[in-house]
Structure formats: C-alpha cells, structure tokens
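Quick look at run_15.txt (compact mmCIF, C-alpha atoms and all ligand atoms):
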```
# COMPACT_ATOMS: atom_id res chain seq x y z
CA MET V 17 -12.94 -51.76 -61.89
CA GLU V 18 -11.78 -49.60 -58.95
CA SER V 19 -13.71 -47.38 -56.54
CA LYS V 20 -12.74 -44.96 -53.82
CA SER V 21 -12.59 -45.62 -50.08
CA TYR V 22 -11.20 -43.70 -47.13
CA TYR V 23 -9.62 -44.15 -43.72
CA LYS V 24 -8.61 -41.69 -41.05
CA ILE V 25 -5.26 -40.96 -39.46
CA ILE V 26 -5.57 -39.15 -36.15
CA ASP V 27 -3.17 -37.62 -33.66
CA LEU V 28 -3.24 -37.70 -29.88
CA PHE V 29 -5.48 -34.66 -29.81
CA GLY V 30 -8.02 -36.33 -32.07
CA ASN V 31 -7.16 -34.19 -35.14
CA GLU V 32 -8.03 -36.09 -38.28
CA ASP V 33 -6.42 -36.49 -41.66
CA ILE V 34 -8.52 -38.36 -44.21
CA LYS V 35 -6.69 -40.69 -46.62
CA LEU V 36 -7.99 -41.90 -49.93
CA ILE V 37 -7.56 -45.52 -51.00
CA GLU V 38 -8.50 -47.27 -54.21
CA LYS V 39 -10.34 -50.53 -53.82
CA LYS V 40 -11.13 -53.29 -56.25
CA ALA V 41 -14.84 -54.02 -56.64
CA ASN V 42 -14.34 -57.77 -57.12
CA ASN V 43 -12.88 -58.20 -53.64
CA PRO V 44 -15.65 -59.86 -51.56
CA ASN V 45 -14.40 -58.20 -48.38
CA LEU V 46 -15.12 -54.72 -49.59
CA PHE V 47 -18.33 -52.86 -48.86
CA ASN V 48 -19.19 -49.80 -50.86
CA ASN V 49 -22.50 -49.49 -49.12
CA TYR V 50 -22.62 -50.09 -45.38
CA ASP V 51 -26.36 -50.79 -45.34
CA ALA V 52 -25.86 -53.46 -48.00
CA PHE V 53 -23.09 -54.88 -45.82
CA LEU V 54 -25.35 -55.00 -42.76
CA ASP V 55 -28.12 -56.59 -44.78
CA LYS V 56 -25.86 -59.62 -45.29
CA PHE V 57 -26.60 -60.55 -41.68
CA ASP V 58 -29.86 -62.23 -40.69
CA VAL V 59 -30.23 -59.86 -37.78
CA LYS V 60 -29.25 -56.27 -38.33
CA LYS V 61 -26.45 -55.50 -35.86
CA THR V 62 -27.40 -52.11 -34.49
CA THR V 63 -24.15 -51.89 -32.49
CA ASP V 64 -22.39 -51.65 -35.86
CA ASP V 65 -24.02 -48.25 -36.24
CA CYS V 66 -22.68 -46.75 -33.03
CA TYR V 67 -20.41 -43.81 -33.68
CA THR V 68 -17.92 -42.75 -31.03
CA PRO V 69 -18.11 -39.32 -29.38
CA LYS V 70 -14.84 -37.37 -29.25
CA GLU V 71 -14.68 -37.37 -25.41
CA VAL V 72 -14.78 -41.19 -25.48
CA MET V 73 -12.02 -41.34 -28.08
CA ASP V 74 -9.95 -38.92 -25.98
CA ILE V 75 -10.21 -41.21 -22.94
CA ILE V 76 -9.03 -44.14 -25.04
CA LEU V 77 -6.19 -42.24 -26.72
CA ASN V 78 -4.91 -41.10 -23.32
CA TYR V 79 -5.27 -44.58 -21.88
CA VAL V 80 -3.36 -46.24 -24.72
CA ASN V 81 -0.75 -43.48 -24.73
CA ASP V 82 -0.07 -44.08 -21.01
CA LYS V 83 0.60 -47.77 -21.61
CA TYR V 84 2.06 -47.64 -25.11
CA PRO V 85 3.48 -44.20 -26.03
CA LEU V 86 1.90 -43.05 -29.26
CA GLU V 87 3.95 -39.95 -29.94
CA LYS V 88 5.84 -41.26 -32.96
CA LYS V 89 3.10 -43.66 -34.07
CA GLN V 90 0.67 -43.32 -36.90
CA ILE V 91 -2.78 -43.75 -35.32
CA ILE V 92 -5.25 -45.17 -37.83
CA ARG V 93 -9.05 -45.29 -37.66
CA PRO V 94 -10.06 -47.58 -40.54
CA PHE V 95 -13.69 -48.15 -39.57
CA PHE V 96 -16.27 -45.86 -41.03
CA PRO V 97 -18.85 -46.03 -43.81
CA GLY V 98 -17.31 -47.14 -47.07
CA GLY V 99 -14.09 -48.08 -45.28
CA ASP V 100 -12.12 -51.21 -45.97
CA TYR V 101 -9.70 -52.14 -43.20
CA LYS V 102 -8.02 -54.77 -45.38
CA ASN V 103 -7.12 -52.27 -48.01
CA ILE V 104 -4.89 -49.97 -45.97
CA ASP V 105 -1.10 -49.83 -46.16
CA TYR V 106 -0.28 -50.38 -42.51
CA THR V 107 3.36 -49.83 -41.57
CA TYR V 108 5.44 -51.07 -38.61
CA ASN V 109 4.62 -47.66 -37.11
CA SER V 110 0.83 -47.89 -37.41
CA VAL V 111 -1.48 -48.45 -34.46
CA VAL V 112 -5.16 -49.02 -35.16
CA ILE V 113 -7.31 -47.43 -32.44
CA ASP V 114 -10.96 -47.51 -33.35
CA ASN V 115 -14.48 -48.70 -32.74
CA PRO V 116 -15.06 -51.37 -35.42
CA PRO V 117 -18.31 -53.10 -36.43
CA PHE V 118 -18.84 -55.55 -33.54
CA SER V 119 -20.37 -58.18 -35.80
CA ILE V 120 -16.99 -58.87 -37.43
CA ILE V 121 -14.70 -58.07 -34.47
CA THR V 122 -13.13 -61.55 -34.31
CA ASN V 123 -12.19 -61.53 -37.99
CA ILE V 124 -10.73 -58.06 -37.64
CA CYS V 125 -8.60 -59.08 -34.64
CA LYS V 126 -7.39 -62.23 -36.42
CA TYR V 127 -6.49 -60.19 -39.49
CA TYR V 128 -4.36 -57.81 -37.44
CA ILE V 129 -2.81 -60.51 -35.26
CA GLU V 130 -1.76 -62.55 -38.31
CA ARG V 131 -0.04 -59.51 -39.81
CA ASN V 132 1.38 -58.22 -36.53
CA ILE V 133 -0.47 -54.94 -36.96
CA LYS V 134 -0.85 -53.20 -33.60
CA PHE V 135 -4.44 -52.54 -32.53
CA PHE V 136 -6.63 -51.37 -29.67
CA LEU V 137 -10.29 -51.89 -30.50
CA PHE V 138 -13.67 -51.43 -28.87
CA CYS V 139 -15.63 -54.68 -28.48
CA PRO V 140 -18.83 -55.89 -26.81
CA HIS V 141 -18.49 -56.32 -23.05
CA LEU V 142 -20.66 -59.38 -22.46
CA THR V 143 -19.04 -61.46 -25.17
CA ALA V 144 -15.54 -60.06 -24.64
CA PHE V 145 -14.10 -63.54 -23.93
CA SER V 146 -16.03 -65.42 -26.58
CA SER V 147 -13.26 -65.77 -29.17
CA ASN V 148 -10.07 -67.65 -28.53
CA ILE V 149 -7.63 -65.11 -29.93
CA ASP V 150 -4.09 -64.21 -28.95
CA ALA V 151 -4.88 -60.78 -27.56
CA THR V 152 -5.45 -58.92 -24.30
CA HIS V 153 -9.00 -58.26 -23.09
CA ILE V 154 -9.41 -54.93 -21.33
CA ILE V 155 -12.48 -54.87 -19.09
CA ALA V 156 -13.52 -51.51 -17.71
CA SER V 157 -17.27 -52.16 -17.41
CA ALA V 158 -17.55 -48.99 -19.46
CA ASP V 159 -21.03 -47.73 -20.20
CA ILE V 160 -20.51 -45.71 -23.35
CA THR V 161 -23.23 -43.55 -24.85
CA TYR V 162 -22.59 -43.46 -28.59
CA GLU V 163 -23.62 -40.73 -31.04
CA ASN V 164 -26.95 -42.50 -31.71
CA ASN V 165 -27.69 -42.20 -27.96
CA ALA V 166 -27.44 -45.95 -27.39
CA THR V 167 -25.60 -46.75 -24.14
CA ILE V 168 -23.66 -49.97 -24.56
CA LYS V 169 -21.40 -51.66 -22.06
CA THR V 170 -18.14 -51.82 -23.93
CA ALA V 171 -14.82 -53.63 -23.47
CA PHE V 172 -11.61 -53.42 -25.47
CA VAL V 173 -9.26 -55.86 -27.14
CA SER V 174 -5.65 -55.23 -28.04
CA ASN V 175 -2.30 -56.75 -28.95
CA LEU V 176 -0.31 -53.94 -27.30
CA PHE V 177 0.06 -55.65 -23.93
CA ASN V 178 2.40 -58.55 -24.67
CA ASN V 179 1.74 -61.47 -22.29
CA ILE V 180 -1.17 -60.04 -20.35
CA LYS V 181 -4.39 -61.90 -21.12
CA ILE V 182 -6.93 -59.89 -19.10
CA ILE V 183 -6.74 -56.38 -17.67
CA GLY V 184 -9.56 -55.31 -15.37
CA ASP V 185 -8.96 -51.58 -15.13
CA ALA V 186 -10.74 -49.70 -12.33
CA ASN V 187 -9.24 -46.32 -13.33
CA LEU V 188 -10.50 -46.66 -16.85
CA HIS V 189 -13.91 -47.62 -15.45
CA LEU V 190 -13.91 -44.43 -13.38
CA LYS V 191 -13.04 -42.28 -16.40
CA PHE V 192 -16.08 -43.56 -18.28
CA LYS V 193 -18.30 -43.29 -15.20
CA GLU V 194 -17.27 -39.65 -14.75
CA LEU V 195 -18.00 -38.94 -18.40
CA GLN V 196 -21.45 -40.53 -18.14
CA GLN V 197 -22.19 -38.48 -15.02
CA LYS V 198 -20.96 -35.26 -16.62
CA ASN V 199 -23.15 -35.84 -19.67
CA LYS V 200 -26.15 -36.67 -17.50
CA VAL V 201 -25.75 -33.44 -15.53
CA ASN V 202 -25.72 -31.46 -18.76
CA LEU V 203 -28.88 -33.08 -20.11
CA PRO V 204 -31.97 -30.90 -19.57
CA LYS V 205 -34.89 -32.60 -17.83
CA TYR V 206 -38.27 -32.03 -19.41
CA GLU V 207 -41.31 -31.50 -17.24
CA TYR V 208 -44.79 -31.37 -18.70
CA PRO V 209 -47.94 -29.75 -17.30
CA GLU V 210 -50.74 -31.85 -15.78
CA HIS V 211 -52.71 -31.49 -19.01
CA ILE V 212 -50.11 -33.49 -20.93
CA VAL V 213 -50.07 -37.27 -20.49
CA THR V 214 -46.87 -39.09 -21.48
CA VAL V 215 -46.06 -42.77 -21.26
CA SER V 216 -43.36 -41.97 -18.66
CA LYS V 217 -45.92 -40.34 -16.37
CA VAL V 218 -48.19 -43.40 -16.55
CA ALA V 219 -45.17 -45.67 -16.02
CA TYR V 220 -44.11 -43.68 -12.93
CA CYS V 221 -47.54 -44.28 -11.35
CA VAL V 222 -47.72 -48.02 -12.02
CA GLU V 223 -44.14 -48.55 -10.86
CA LYS V 224 -45.09 -46.97 -7.54
CA GLY V 225 -48.19 -49.18 -7.25
CA ILE V 226 -50.78 -46.58 -8.36
CA ASN V 227 -53.43 -47.51 -10.95
CA ILE V 228 -54.55 -44.88 -13.43
CA GLU V 229 -57.12 -44.82 -16.24
CA PHE V 230 -58.25 -42.21 -18.75
CA ASP V 231 -61.35 -42.27 -20.96
CA LYS V 232 -60.97 -41.80 -24.70
CA LYS V 233 -63.21 -38.73 -24.63
CA ASP V 234 -60.80 -37.01 -22.20
CA LEU V 235 -57.66 -37.33 -24.32
CA LYS V 236 -56.54 -36.09 -27.72
CA HIS V 237 -53.39 -37.48 -29.33
CA TYR V 238 -50.67 -34.80 -29.27
CA ARG V 239 -47.16 -34.71 -30.71
CA CYS V 240 -45.72 -31.33 -29.90
CA MET V 241 -46.59 -28.49 -27.51
CA ASP V 242 -46.59 -24.98 -28.96
CA SER V 243 -43.89 -23.95 -26.47
CA GLN V 244 -41.63 -26.71 -27.80
CA LYS V 245 -41.93 -25.81 -31.48
CA LYS V 246 -39.51 -22.88 -31.47
CA HIS V 247 -36.88 -25.13 -29.83
CA GLY V 248 -37.37 -27.85 -32.43
CA LYS V 249 -38.52 -30.24 -29.67
CA ALA V 250 -41.55 -32.50 -29.37
CA LEU V 251 -43.16 -34.86 -26.86
CA PHE V 252 -40.75 -37.80 -26.83
CA GLY V 253 -42.73 -40.77 -28.16
CA SER V 254 -45.78 -38.47 -28.48
CA GLY V 255 -48.55 -38.26 -25.87
CA PHE V 256 -51.98 -36.81 -25.19
CA ILE V 257 -53.48 -33.48 -24.27
CA ALA V 258 -56.01 -34.00 -21.46
CA SER V 259 -59.33 -32.54 -20.32
CA ASN V 260 -59.47 -30.78 -16.93
CA LYS V 261 -60.99 -33.94 -15.43
CA ALA V 262 -58.21 -36.18 -16.80
CA ALA V 263 -55.52 -33.65 -15.79
CA ALA V 264 -56.88 -33.65 -12.23
CA ALA V 265 -56.88 -37.47 -12.19
CA GLN V 266 -53.32 -37.49 -13.47
CA ALA V 267 -52.21 -34.94 -10.84
CA ALA V 268 -53.83 -37.02 -8.08
CA ALA V 269 -52.18 -40.22 -9.33
CA GLN V 270 -48.79 -38.51 -9.59
CA ALA V 271 -49.14 -37.15 -6.04
CA ALA V 272 -50.08 -40.61 -4.75
CA ALA V 273 -47.12 -42.13 -6.61
CA GLN V 274 -44.77 -39.52 -5.15
CA ALA V 275 -46.13 -40.20 -1.66
CA ALA V 276 -45.63 -43.95 -2.20
CA ALA V 277 -42.06 -43.34 -3.39
CA GLN V 278 -41.37 -41.15 -0.34
CA ALA V 279 -42.92 -43.75 1.97
CA ALA V 280 -40.62 -46.40 0.46
CA VAL V 281 -37.57 -44.18 1.06
CA ASN V 282 -38.72 -43.48 4.63
CA LYS V 283 -39.20 -47.18 5.28
CA ARG V 284 -35.76 -47.97 3.87
CA ASP V 285 -34.08 -45.22 5.90
CA ASN V 286 -36.13 -45.96 9.03
CA VAL V 287 -37.62 -42.46 9.02
CA ILE V 288 -40.69 -41.96 11.28
CA VAL V 289 -43.03 -39.23 9.99
CA TRP V 290 -45.19 -37.86 12.84
CA GLN V 291 -48.75 -37.08 11.67
CA LEU V 292 -50.98 -34.19 12.78
CA SER V 293 -54.04 -35.26 14.83
CA GLN V 294 -57.58 -34.10 14.01
CA LYS V 295 -57.40 -31.77 17.05
CA GLU V 296 -54.18 -30.20 15.74
CA LYS V 297 -55.72 -29.77 12.29
CA GLU V 298 -58.64 -27.90 13.90
CA ILE V 299 -56.18 -25.61 15.72
CA ILE V 300 -54.42 -24.91 12.41
CA LYS V 301 -57.75 -24.06 10.75
CA SER V 302 -58.54 -21.59 13.51
CA LEU V 303 -55.25 -19.76 13.04
CA GLY V 304 -54.62 -16.70 10.82
C1 LIG E 1 -19.33 -49.05 -34.92
S1 LIG E 1 -19.13 -48.04 -36.34
C2 LIG E 1 -17.88 -46.97 -35.74
C3 LIG E 1 -17.50 -45.89 -36.64
C4 LIG E 1 -16.26 -45.11 -36.21
N1 LIG E 1 -15.10 -45.97 -36.24
C5 LIG E 1 -16.45 -44.54 -34.84
O1 LIG E 1 -15.75 -44.95 -33.90
O2 LIG E 1 -17.28 -43.62 -34.69
C6 LIG E 1 -18.29 -49.17 -37.40
C7 LIG E 1 -18.01 -48.62 -38.77
O3 LIG E 1 -17.26 -49.58 -39.51
C8 LIG E 1 -17.62 -49.48 -40.88
N2 LIG E 1 -17.26 -50.74 -41.57
C9 LIG E 1 -18.01 -51.83 -41.81
N3 LIG E 1 -17.29 -52.77 -42.45
C10 LIG E 1 -16.07 -52.24 -42.63
C11 LIG E 1 -14.87 -52.72 -43.22
N4 LIG E 1 -14.80 -53.94 -43.77
N5 LIG E 1 -13.79 -51.90 -43.20
C12 LIG E 1 -13.84 -50.69 -42.63
N6 LIG E 1 -14.95 -50.18 -42.07
C13 LIG E 1 -16.04 -50.96 -42.05
C14 LIG E 1 -19.10 -49.18 -40.84
O4 LIG E 1 -19.48 -48.47 -41.99
C15 LIG E 1 -19.24 -48.32 -39.60
O5 LIG E 1 -19.21 -46.98 -39.95
```
Just dump the structure as structure tokens.
Ligand SMILES: C[S@@+](CC[C@H](N)C(=O)[O-])C[C@H]1O[C@@H](n2cnc3c(N)ncnc32)[C@H](O)[C@@H]1O
Amino acid sequence: MESKSYYKIIDLFGNEDIKLIEKKANNPNLFNNYDAFLDKFDVKKTTDDCYTPKEVMDIILNYVNDKYPLEKKQIIRPFFPGGDYKNIDYTYNSVVIDNPPFSIITNICKYYIERNIKFFLFCPHLTAFSSNIDATHIIASADITYENNATIKTAFVSNLFNNIKIIGDANLHLKFKELQQKNKVNLPKYEYPEHIVTVSKVAYCVEKGINIEFDKKDLKHYRCMDSQKKHGKALFGSGFIASNKAAAAQAAAQAAAQAAAQAAVNKRDNVIVWQLSQKEKEIIKSLG
C-alpha cells in the first residue's frame, strides 16, 4: 500500500516548489502522522515542533551561499509534517538546508553522510558536540525565535566545509542578534491600568523586594478587557480586575518597586540623589 508525502525545493529567495512523493506504508521510518511519530518518544520533544520564520531561513541561505555557492544547486527542505527525508531522490546537485526534528538529528546526519548528500541543518546548541559524526559544527550562539514563539539557542551542522571541524562564527551571531532586536522593537508592549492585576505585575514587585497581598473579596478573575476584544487580544495568562482599594495597593507597590529599581541603578552608577529638606518642602508649599 502506498501513501502520499511531500518535500519542498526552494531557491535562494525562499520561493518554494512542493514535490509529491509516494511512500510505502510498511517502511518503519515513515511517519504519516507527526503526532504519532512524536508519541513514540517517552518525552515529547517540543523543539521538533519549531517552525522556522522566513527571515531566519534567509539568513541561513545567504550564509551558506557565501561559503558554498548555491546558484546551480537544488535546495531541498525535506522536513515538514508528513515528510520522509529517506524517501527523496537526492541528486549530486541537491543540498539539504532545513530545520529537522532535533530528536533524530544524529540519525539524519549519519544518513546524509553515508550517502554523501550535502546538508546544512539546524541543531540544538547545547548538545551540538554530543554525537561523534564526520561533520562541521557551526556555532553562532544564535537565539532563534521560532513560529511557535519559543526562543531556542540553535547551532548548525553541515558537511559542506570539508576538513573544518568547528566554526565559531561571530558574523552569523550578529545577524541573528540583529534579527532578534528588530523583532523585539516591533513587538507592542502592553500596559494595563491599576485596576488590572497580572502575574507579571506581582512578579515585578517581588523581584524588586516589595511584598504585596490582595484579599479574595477585592479581586475578580478576569480574562479579557473590553478594550482588547475588538483586537482579538486578552490578558496573557489571565488576571484579575481589582477593587479601588486593591488597585491603590497595587499602584503603591508598583511605585515602591520602581523606586527600588531606580535606587539599584543609582547605586550601580554611583549616582547621588540630593533630597529636599523639610524646610525646602515648606517653601515649596508656600509657593504659587
Ligand atoms: C522542527 S520542525 C521544522 C519544520 C520545517 N522544516 C521548518 O524549518 O519550519 C521538523 C519537522 O520535521 C518533520 N518530520 C518528522 N520526522 C520526519 C521525517 N522522518 N522526514 C521528514 N520530516 C520529518 C516534522 O513533521 C516537523 O514538521
């Protein structure tokens, strides 16, 4: 019995062409259902679910192209749901550039190395050196935010670099750092009124050394402010709507936390803040 599977061929600009392959159901290496595949592991590998944003792929395509010109190559991305990297007709001209499931990265590399199929693959940073394979490890200390919003320090592994065993690439690091910063700048920051209590607000206080408590009678569980509804937004992780008394307590705690944070910065930077005396405060009162 045969079923359908797909892989992608891309060009240097990230344009995709989807190819159909037939796969035999009795091959134990094939996975029709990715969830079923993940369930084979004792611990579900969430990094296997991380999909790569286009800007990240562009950085990698440009990087590889600089070192190993891709112009006349067929760039293949075999790894996506229902894919089967062993069931693709790779040619001498193919280069696999993709983010594979990290849980089977060593097997994938071995498979390509044994068949002399060229590859440049994403891999986990911390365990980048854990397999003894004949490949080059590219370390860029790259914090990559994937489509599911998980930020994972990522390294790369490749057989495009002949005798080089490890490349620590500061330029590549910078490219990813710039991308992270650009994406951060574009992210809106949400600010909530004093009458909304979120876990982040409580956390901010305790991190700055300020205790805070609310009585049950002063809070009502709340998921979404009316002003958020038309934007399809909600309180992240939910929160509470607060009585006037609780809102005032929250405002006071936030102000104390901000003052503590400022005092810490002043101490660090050796800033001396001159205080008004009682006499000076009286003068101020008498003015205007
Ligand atoms: C980390 S995700 C990355 C997806 C995509 N390559 C990307 O960069 O956005 C890994 C993907 O590999 C797929 N996968 C799992 N086992 C596979 C296999 N044997 N052959 C091909 N793809 C597989 C999963 O379904 C998953 O979509």
Please report the interatomic distance between atom CA of Ile226 of chain V and atom CA of Asp285 of chain V in Å with one decimal.
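Result for atom CA of Ile226 of chain V versus atom CA of Asp285 of chain V: 22.0 Å, one decimal.
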Within 12 Å of segment 125-148 of chain V, which residues of segment 177-221 of chain V show up? Give each one with its shortest atom-to-atom distance in Å (one decimal) and the two atoms involved, counting all atoms listed in the file, rows by chain then rising residue number, as CSV.
```
residue,atom,partner,partner_atom,distance
V:Phe177,CA,V:Phe136,CA,9.8
V:Asn178,CA,V:Lys134,CA,10.9
V:Lys181,CA,V:Phe145,CA,10.2
V:Ile182,CA,V:Phe145,CA,9.4
V:Ile183,CA,V:Ala144,CA,11.8
V:Gly184,CA,V:His141,CA,11.8
```
Go ahead and save the picked residues with C-alpha atoms, as a PDB file, in the coordinates of the input.
```
ATOM      1  CA  PHE V 177       0.060 -55.650 -23.930  1.00  0.00           C
ATOM      2  CA  ASN V 178       2.400 -58.550 -24.670  1.00  0.00           C
ATOM      3  CA  LYS V 181      -4.390 -61.900 -21.120  1.00  0.00           C
ATOM      4  CA  ILE V 182      -6.930 -59.890 -19.100  1.00  0.00           C
ATOM      5  CA  ILE V 183      -6.740 -56.380 -17.670  1.00  0.00           C
ATOM      6  CA  GLY V 184      -9.560 -55.310 -15.370  1.00  0.00           C
TER       7      GLY V 184
END
```
Take atom C10 of ligand LIG 1 (chain E) and atom CA of Thr152 of chain V and report the distance between them in Å, one decimal.
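Distance between the two atoms: 22.2 Å.
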Coordinates-based distance that separates atom CA of Val222 of chain V from atom CA of Arg284 of chain V (Å, one decimal):
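Between these atoms lies a distance of 19.9 Å.
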6 Å shell around ligand LIG 1 (chain E) using all atoms listed in the file, listed as JSON, numbers by chain
{"V": [46, 50, 64, 65, 66, 67, 68, 94, 95, 96, 97, 98, 99, 100, 101, 114, 115, 116, 117]}
Closest of V:Lys217, V:Lys198, V:Phe118, V:Lys236 to Ile168 of chain V - atom-to-atom distances counting only C-alpha atoms
V:Phe118
Determine the nearest neighbour of Tyr206 of chain V from the options V:Phe252, V:Gln90, V:Ala171, V:Asp242, counting all atoms listed in the file.
V:Phe252
Counting all atoms listed in the file, what is within 12 Å of Tyr208 of chain V, bar same-chain residues fewer than 3 positions away, as a list in words?
Lys205, His211, Ile212, Val213, Thr214, Val215, Ser216, Lys217, Cys240, Met241, Ser243, Gln244, Ala250, Leu251, Phe252, Gly255, Phe256, Ile257, Ala258, Ala263, Gln266 and Ala267 of chain V
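Considering the residues V:Tyr106, V:Lys224, V:Ile75, V:Pro209 and counting all atoms listed in the file, Ala275 of chain V has its shortest atom-to-atom contact with V:Lys224.
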Shortest interatomic distance to Asn175 of chain V - which of V:Lys295, V:Lys193, V:Lys83, V:Arg239, counting all atoms listed in the file
V:Lys83
Kindly indicate which residue among V:Leu28, V:Leu77, V:Leu176, V:Cys221 lies nearest to Ala277 of chain V, using only C-alpha atoms for the distances.
V:Cys221
Identify which of the residues V:Ala166, V:Ile155, V:Leu195, V:Ile34 lies closest to Lys70 of chain V, counting all atoms listed in the file when measuring atom-to-atom distances.
V:Leu195
Identify, on the basis of only C-alpha atoms, every residue whose closest approach to Ala264 of chain V does not exceed 9 Å; exclude the query and any residue fewer than 4 positions from it along the same chain; express the result as number ranges by chain.
V: 210-211, 259-260, 268-269
Might I get the box with edges along x, y and z of the file that holds all atoms of segment 142-157 of chain V listed there, padded by 8 Å on every side, given as centre and edge lengths in Å to one decimal, as JSON?
```
{"center_x": -12.4, "center_y": -59.6, "center_z": -23.7, "size_x": 32.6, "size_y": 32.1, "size_z": 28.5}
```
Can you list, as a PDB file with C-alpha atoms, in the frame of the given file, every protein, DNA or RNA residue that comes within 6 Å of Tyr22 of chain V when you count only C-alpha atoms, leaving out same-chain residues fewer than 5 positions away?
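The resulting around00.pdb:
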```pdb
ATOM      1  CA  LYS V  35      -6.690 -40.690 -46.620  1.00  0.00           C
ATOM      2  CA  LEU V  36      -7.990 -41.900 -49.930  1.00  0.00           C
ATOM      3  CA  ILE V  37      -7.560 -45.520 -51.000  1.00  0.00           C
ATOM      4  CA  GLY V  99     -14.090 -48.080 -45.280  1.00  0.00           C
TER       5      GLY V  99
END
```
